[in-house]
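In what follows, a structure is listed as structure tokens, so that the remarks can point back to it.
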Amino acid sequence: MAKTETSPDAARPWQSYHTVYTNAKAGMDGVDKEKVQRIVYEVSKGSKFFENEERKEAFIRQKIENMRSRCAKITSADSSHYRTHKTVKSGLSSSKYICETVAEKRIVELEATRDLSRVWIHVDMDAFYAAVETLSNPLLEGKPMAVGSMSMISTANYEARKFGIRAAMPGFIAHKLCPELIFVRPDFKKYTHYSDLTRKVFRRYDPNFMAASLDEAYLDVTEVCTEKGTSGEEVAKEIRAGVFEETGLTCSAGVAPNRLLAKVCSDINKPNGQFVLPNNRMAVVTFISSLPIRKVNILTEKPHGQLYLQIGGIGKVTEHILRDALGISTCEEILQKASYICALFSHSTSGLELSPVSAQDMLLTDTPEVRLRKSISNERTFSATGDETLLYRKLDPFEVLKSIQARTLKKSTNS
DNA sequence: ATACATACC
DNA sequence: GACTGGTATGTAT
């Protein structure tokens, strides 16, 4: 009997354990994903973390079931509408007919915001922390290496990625995937130093460039292109050469009419490459059509200081819901099923999901002149305990202070 | 108002 | 044995 993709296979229980580690990522092309998935599952199985993941998965599955049944209702209301030529009401306030009108209106609004007049470059350093560590210790060259600890990995170099190891993976799982993996403790002083060197280069092309993290920045080079009579492609090449000259590190770049697209483009020819999406409606629409929904990101509109936040987007959970409830995996399918999205999600969530329609940055609005930091926090993970005394001790202001001081001291003394 | 969930690096 | 930490937004209750 033919096996369908959706039927759970009891012989392959690891297939139902969803992690982010098998997503398409630069340097992960030749990886045996099935094997990685199996090892991750085997190492994780039975842990408290794993149990919690299963609990969350079950909740999401239930949410998907609800959505599917609401979908079915919308569709049947729709067909009765066309059969009887009567207005559909009686509890079914959201017939497909009404949803389509709402969706069409929103799409028209989004289309109107499309702007192809700017040239944006997104620069993304290649395996940044790992590359910096290799600069200061050339013995690491060519060997699988990760910056982080047995608990958590921040960055893996390309040799390590061949084993399926990547950022946000716990070190002990990475060790199972590659026992020879070298671990290097993070040293943020070093990364900040090299980050500053790259920013000196960025400033030459856009004094108001926006840094999204130590290793990523958005530059508006529209004026540079006009003044010098050059193209975004040429400017990106210059920037990458400049960064290499200043730091000895490689980076990748994406050139596009807006930040959302530029970020997607910088990943295409990683590492040490670039990709240009021309400011041309046809090219942009074609590009967006085949784009996996997971690539959709949103950003805050104004920086605090030089920092530009990348928040939200379609992540693991939303991707799962859209795929299993509505059969959506590309941005083109978002457009086709826009009426369902408008019917099933809140206004702001559907706005996020529909944003690729206009191939436009999804920006947070209602922004003050300069967006200020809204919160500051400091957290510590400790092992599970039922010991009440210990828990209260963790919360004791004096203990908290001591812990923060200890960490601050550690940071300023290493190297 | 508060807790919880999702997201990004 | 071990699944971070900082900041932000959205949703449910």
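Within each chain, counting starts at residue 1; across the structure tokens, chains are named A, B, ... in the order shown, with ligands numbered 1 upward in that order.
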(request) Based on DSSP run over this structure's backbone, return all residues of region 210-326 of chain A in alpha helix (DSSP H), as a VMD selection string. (result) chain A and resid 222 to 228 232 to 247 259 to 266 281 to 289 316 to 326
Any chance you could export the current selection's C-alpha atoms as a compact mmCIF listing (two decimals), in the first residue's frame?
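Printed below is out.txt as written:
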# COMPACT_ATOMS: atom_id res chain seq x y z
CA THR A 222 19.68 54.58 -2.91
CA GLU A 223 21.47 57.94 -2.80
CA VAL A 224 24.95 56.40 -3.13
CA CYS A 225 23.79 54.66 -6.31
CA THR A 226 22.35 57.86 -7.78
CA GLU A 227 25.30 60.06 -6.86
CA LYS A 228 27.97 57.66 -8.08
CA GLY A 232 23.30 48.15 -5.85
CA GLU A 233 25.22 45.13 -7.05
CA GLU A 234 28.46 47.13 -7.35
CA VAL A 235 27.96 48.80 -3.97
CA ALA A 236 27.38 45.41 -2.32
CA LYS A 237 30.62 44.11 -3.86
CA GLU A 238 32.49 47.15 -2.55
CA ILE A 239 31.06 46.76 0.93
CA ARG A 240 31.98 43.08 1.09
CA ALA A 241 35.51 43.79 -0.13
CA GLY A 242 35.80 46.59 2.43
CA VAL A 243 34.62 44.36 5.26
CA PHE A 244 37.12 41.69 4.27
CA GLU A 245 39.92 44.22 4.10
CA GLU A 246 39.13 45.64 7.54
CA THR A 247 38.49 42.36 9.32
CA ARG A 259 14.54 45.21 3.90
CA LEU A 260 12.35 42.13 3.99
CA LEU A 261 13.49 41.11 0.53
CA ALA A 262 17.11 42.17 1.05
CA LYS A 263 17.33 39.90 4.08
CA VAL A 264 15.95 36.94 2.17
CA CYS A 265 18.41 37.64 -0.67
CA SER A 266 21.48 37.77 1.57
CA ARG A 281 7.57 44.60 -10.30
CA MET A 282 7.58 41.43 -12.37
CA ALA A 283 10.82 40.19 -10.86
CA VAL A 284 9.62 40.91 -7.33
CA VAL A 285 6.25 39.22 -7.79
CA THR A 286 7.86 36.11 -9.29
CA PHE A 287 10.42 35.99 -6.50
CA ILE A 288 7.79 36.28 -3.78
CA SER A 289 5.52 33.64 -5.32
CA LYS A 316 7.95 27.25 13.51
CA VAL A 317 4.45 27.29 15.00
CA THR A 318 2.70 29.58 12.50
CA GLU A 319 4.32 27.68 9.64
CA HIS A 320 2.97 24.42 11.05
CA ILE A 321 -0.53 25.86 11.48
CA LEU A 322 -0.71 27.40 8.01
CA ARG A 323 0.58 24.22 6.39
CA ASP A 324 -1.60 21.71 8.21
CA ALA A 325 -4.78 23.76 8.54
CA LEU A 326 -4.79 25.51 5.17
(message) I want to know what sits within 8 Å of DT6 (chain B), based on only C-alpha atoms (C1' of nucleotides), with residues of the same chain fewer than 5 positions away left out; could you give that as an NGL selection string?
(response) (:A and (312 or 315 or 317)) or (:C and (10))
Could you build a table of the residues in chain C lying no more than 7 Å from region 148-155 of chain A, giving for each the nearest pair of atoms and their separation in Å rounded to one decimal place, using only C-alpha atoms (C1' of nucleotides), ordered by chain and ascending residue number, as a Markdown table?
| residue | atom | partner | partner_atom | distance |
| --- | --- | --- | --- | --- |
| C:DA2 | C1' | A:Ser151 | CA | 5.3 |
| C:DC3 | C1' | A:Ser151 | CA | 6.5 |
| C:DT4 | C1' | A:Met152 | CA | 6.1 |
(message) Quick check: residues of chain A within 10 Å of chain C, only C-alpha atoms (C1' of nucleotides), returned as a ChimeraX atom specification.
(response) /A:44,47-50,148-154,168-173,300,309-312,346,348-349,364,373-381,383
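Residues from chain B found within 10 Å of chain A are DA5, DT6, DA7, DC8 and DC9 of chain B, counting only C-alpha atoms (C1' of nucleotides).
The spacing separating CA of Asp124 (chain A) from CA of Asn269 (chain A) amounts to 11.1 Å.
Between CA of Ser403 (chain A) and CA of Glu133 (chain A) lies a distance of 27.6 Å.
Closest to Ala130 (chain A) among A:Val184, A:Ala112, A:Ala174, A:Ile341 is A:Val184, based on only C-alpha atoms.
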(request) Can you list, as JSON, numbers by chain, all residues belonging to region 119-276 of chain A that DSSP tags as strand (DSSP E)? (result) {"A": [120, 121, 122, 123, 124, 125, 145, 146, 147, 148, 153, 154, 155, 156, 182, 183, 184, 210, 211, 212, 213, 216, 217, 218, 219, 220, 251, 252, 253, 254, 255, 256, 274, 275, 276]}
I need the chosen residues saved as a short mmCIF file (atom, residue, chain, number, x, y, z; two decimals), in the first residue's frame, with N, CA, C and O atoms.
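Once written, again_12.cif looks like this:
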data_model
loop_
_atom_site.label_atom_id
_atom_site.label_comp_id
_atom_site.auth_asym_id
_atom_site.auth_seq_id
_atom_site.Cartn_x
_atom_site.Cartn_y
_atom_site.Cartn_z
N TRP A 120 18.01 48.70 -1.10
CA TRP A 120 18.44 48.27 0.23
C TRP A 120 19.47 47.14 0.12
O TRP A 120 19.37 46.29 -0.76
N ILE A 121 20.44 47.17 1.02
CA ILE A 121 21.39 46.06 1.11
C ILE A 121 21.34 45.50 2.51
O ILE A 121 21.40 46.24 3.50
N HIS A 122 21.19 44.18 2.61
CA HIS A 122 21.31 43.51 3.91
C HIS A 122 22.64 42.77 3.91
O HIS A 122 22.90 41.96 3.02
N VAL A 123 23.49 43.10 4.89
CA VAL A 123 24.78 42.44 5.00
C VAL A 123 24.74 41.50 6.19
O VAL A 123 24.29 41.87 7.27
N ASP A 124 25.19 40.28 5.98
CA ASP A 124 25.14 39.26 7.02
C ASP A 124 26.51 38.56 7.07
O ASP A 124 26.92 37.95 6.09
N MET A 125 27.21 38.68 8.19
CA MET A 125 28.53 38.05 8.32
C MET A 125 28.37 36.52 8.27
O MET A 125 27.39 35.98 8.78
N MET A 145 33.64 23.06 14.30
CA MET A 145 33.75 23.83 15.53
C MET A 145 32.47 24.58 15.80
O MET A 145 31.75 24.97 14.87
N ALA A 146 32.17 24.76 17.08
CA ALA A 146 30.97 25.51 17.45
C ALA A 146 31.30 26.45 18.59
O ALA A 146 32.06 26.11 19.49
N VAL A 147 30.74 27.64 18.55
CA VAL A 147 30.86 28.57 19.66
C VAL A 147 29.67 28.34 20.57
O VAL A 147 28.52 28.42 20.13
N GLY A 148 29.95 28.02 21.84
CA GLY A 148 28.88 27.75 22.78
C GLY A 148 29.33 26.72 23.80
O GLY A 148 30.53 26.57 24.05
N ILE A 153 24.49 26.11 21.63
CA ILE A 153 25.43 26.57 20.61
C ILE A 153 24.93 27.88 20.00
O ILE A 153 23.75 27.98 19.64
N SER A 154 25.81 28.86 19.91
CA SER A 154 25.45 30.14 19.29
C SER A 154 25.67 30.11 17.79
O SER A 154 24.85 30.61 17.02
N THR A 155 26.81 29.59 17.38
CA THR A 155 27.16 29.56 15.96
C THR A 155 27.99 28.30 15.68
O THR A 155 28.83 27.94 16.48
N ALA A 156 27.75 27.69 14.53
CA ALA A 156 28.56 26.56 14.11
C ALA A 156 29.26 26.93 12.81
O ALA A 156 28.66 27.63 11.98
N ILE A 182 34.71 20.61 18.03
CA ILE A 182 35.45 21.43 19.00
C ILE A 182 34.53 22.52 19.53
O ILE A 182 33.88 23.22 18.75
N PHE A 183 34.49 22.66 20.85
CA PHE A 183 33.68 23.72 21.47
C PHE A 183 34.57 24.89 21.87
O PHE A 183 35.63 24.68 22.45
N VAL A 184 34.11 26.10 21.53
CA VAL A 184 34.83 27.31 21.96
C VAL A 184 33.86 28.16 22.76
O VAL A 184 32.73 28.39 22.32
N MET A 210 21.30 50.55 9.76
CA MET A 210 20.68 49.97 10.95
C MET A 210 21.25 48.60 11.22
O MET A 210 21.15 47.70 10.41
N ALA A 211 21.86 48.47 12.40
CA ALA A 211 22.41 47.18 12.80
C ALA A 211 21.31 46.36 13.45
O ALA A 211 20.61 46.84 14.33
N ALA A 212 21.13 45.12 12.99
CA ALA A 212 20.10 44.26 13.56
C ALA A 212 20.67 43.37 14.66
O ALA A 212 19.94 42.84 15.48
N SER A 213 21.99 43.22 14.66
CA SER A 213 22.68 42.45 15.69
C SER A 213 24.15 42.70 15.46
O SER A 213 24.52 43.53 14.63
N GLU A 216 24.76 41.68 11.61
CA GLU A 216 23.81 41.93 10.53
C GLU A 216 23.48 43.40 10.45
O GLU A 216 23.28 44.04 11.48
N ALA A 217 23.36 43.94 9.24
CA ALA A 217 22.97 45.35 9.12
C ALA A 217 22.20 45.61 7.83
O ALA A 217 22.36 44.89 6.82
N TYR A 218 21.33 46.63 7.90
CA TYR A 218 20.56 47.06 6.74
C TYR A 218 21.08 48.43 6.31
O TYR A 218 21.20 49.34 7.13
N LEU A 219 21.38 48.58 5.01
CA LEU A 219 21.86 49.85 4.49
C LEU A 219 20.94 50.33 3.36
O LEU A 219 20.61 49.54 2.46
N ASP A 220 20.55 51.60 3.41
CA ASP A 220 19.81 52.20 2.30
C ASP A 220 20.84 52.90 1.42
O ASP A 220 21.37 53.94 1.79
N CYS A 251 31.51 38.04 4.32
CA CYS A 251 30.09 38.24 4.60
C CYS A 251 29.31 38.04 3.32
O CYS A 251 29.88 37.94 2.23
N SER A 252 27.99 37.97 3.45
CA SER A 252 27.12 37.84 2.29
C SER A 252 26.17 39.02 2.27
O SER A 252 25.91 39.63 3.29
N ALA A 253 25.65 39.32 1.06
CA ALA A 253 24.78 40.48 0.95
C ALA A 253 23.59 40.18 0.06
O ALA A 253 23.66 39.36 -0.86
N GLY A 254 22.48 40.87 0.36
CA GLY A 254 21.29 40.80 -0.47
C GLY A 254 20.93 42.21 -0.88
O GLY A 254 20.97 43.13 -0.07
N VAL A 255 20.62 42.40 -2.17
CA VAL A 255 20.25 43.72 -2.68
C VAL A 255 18.81 43.63 -3.18
O VAL A 255 18.50 42.74 -3.99
N ALA A 256 17.94 44.51 -2.69
CA ALA A 256 16.52 44.44 -3.05
C ALA A 256 15.83 45.76 -2.76
O ALA A 256 16.41 46.63 -2.12
N GLN A 274 26.58 37.06 -2.93
CA GLN A 274 25.50 38.04 -2.88
C GLN A 274 24.45 37.72 -3.93
O GLN A 274 24.70 36.96 -4.86
N PHE A 275 23.25 38.29 -3.74
CA PHE A 275 22.17 38.07 -4.70
C PHE A 275 21.41 39.38 -4.86
O PHE A 275 21.13 40.07 -3.89
N VAL A 276 21.11 39.71 -6.13
CA VAL A 276 20.43 40.96 -6.42
C VAL A 276 19.02 40.69 -6.94
O VAL A 276 18.84 39.92 -7.88
#
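The coordinates place CA of Gly273 (chain A) at 26.8 Å from CA of Glu332 (chain A).
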(request) Please provide the set of residues having any atom within 12 Å of Lys189 (chain A), restricted to only C-alpha atoms (C1' of nucleotides), with same-chain residues fewer than 6 positions apart removed, written as a list in words. (result) Tyr129, Val132, Glu133, Ser195, Asp196, Leu214, Lys410, Lys411, Ser412, Thr413, Asn414 and Ser415 of chain A
(message) Quick one: residues within 12 Å of Pro13 (chain A), only C-alpha atoms (C1' of nucleotides), excluding same-chain residues fewer than 3 positions away - as a PyMOL selection string?
(response) chain A and resi 7-10+16-18+34+37-42+45
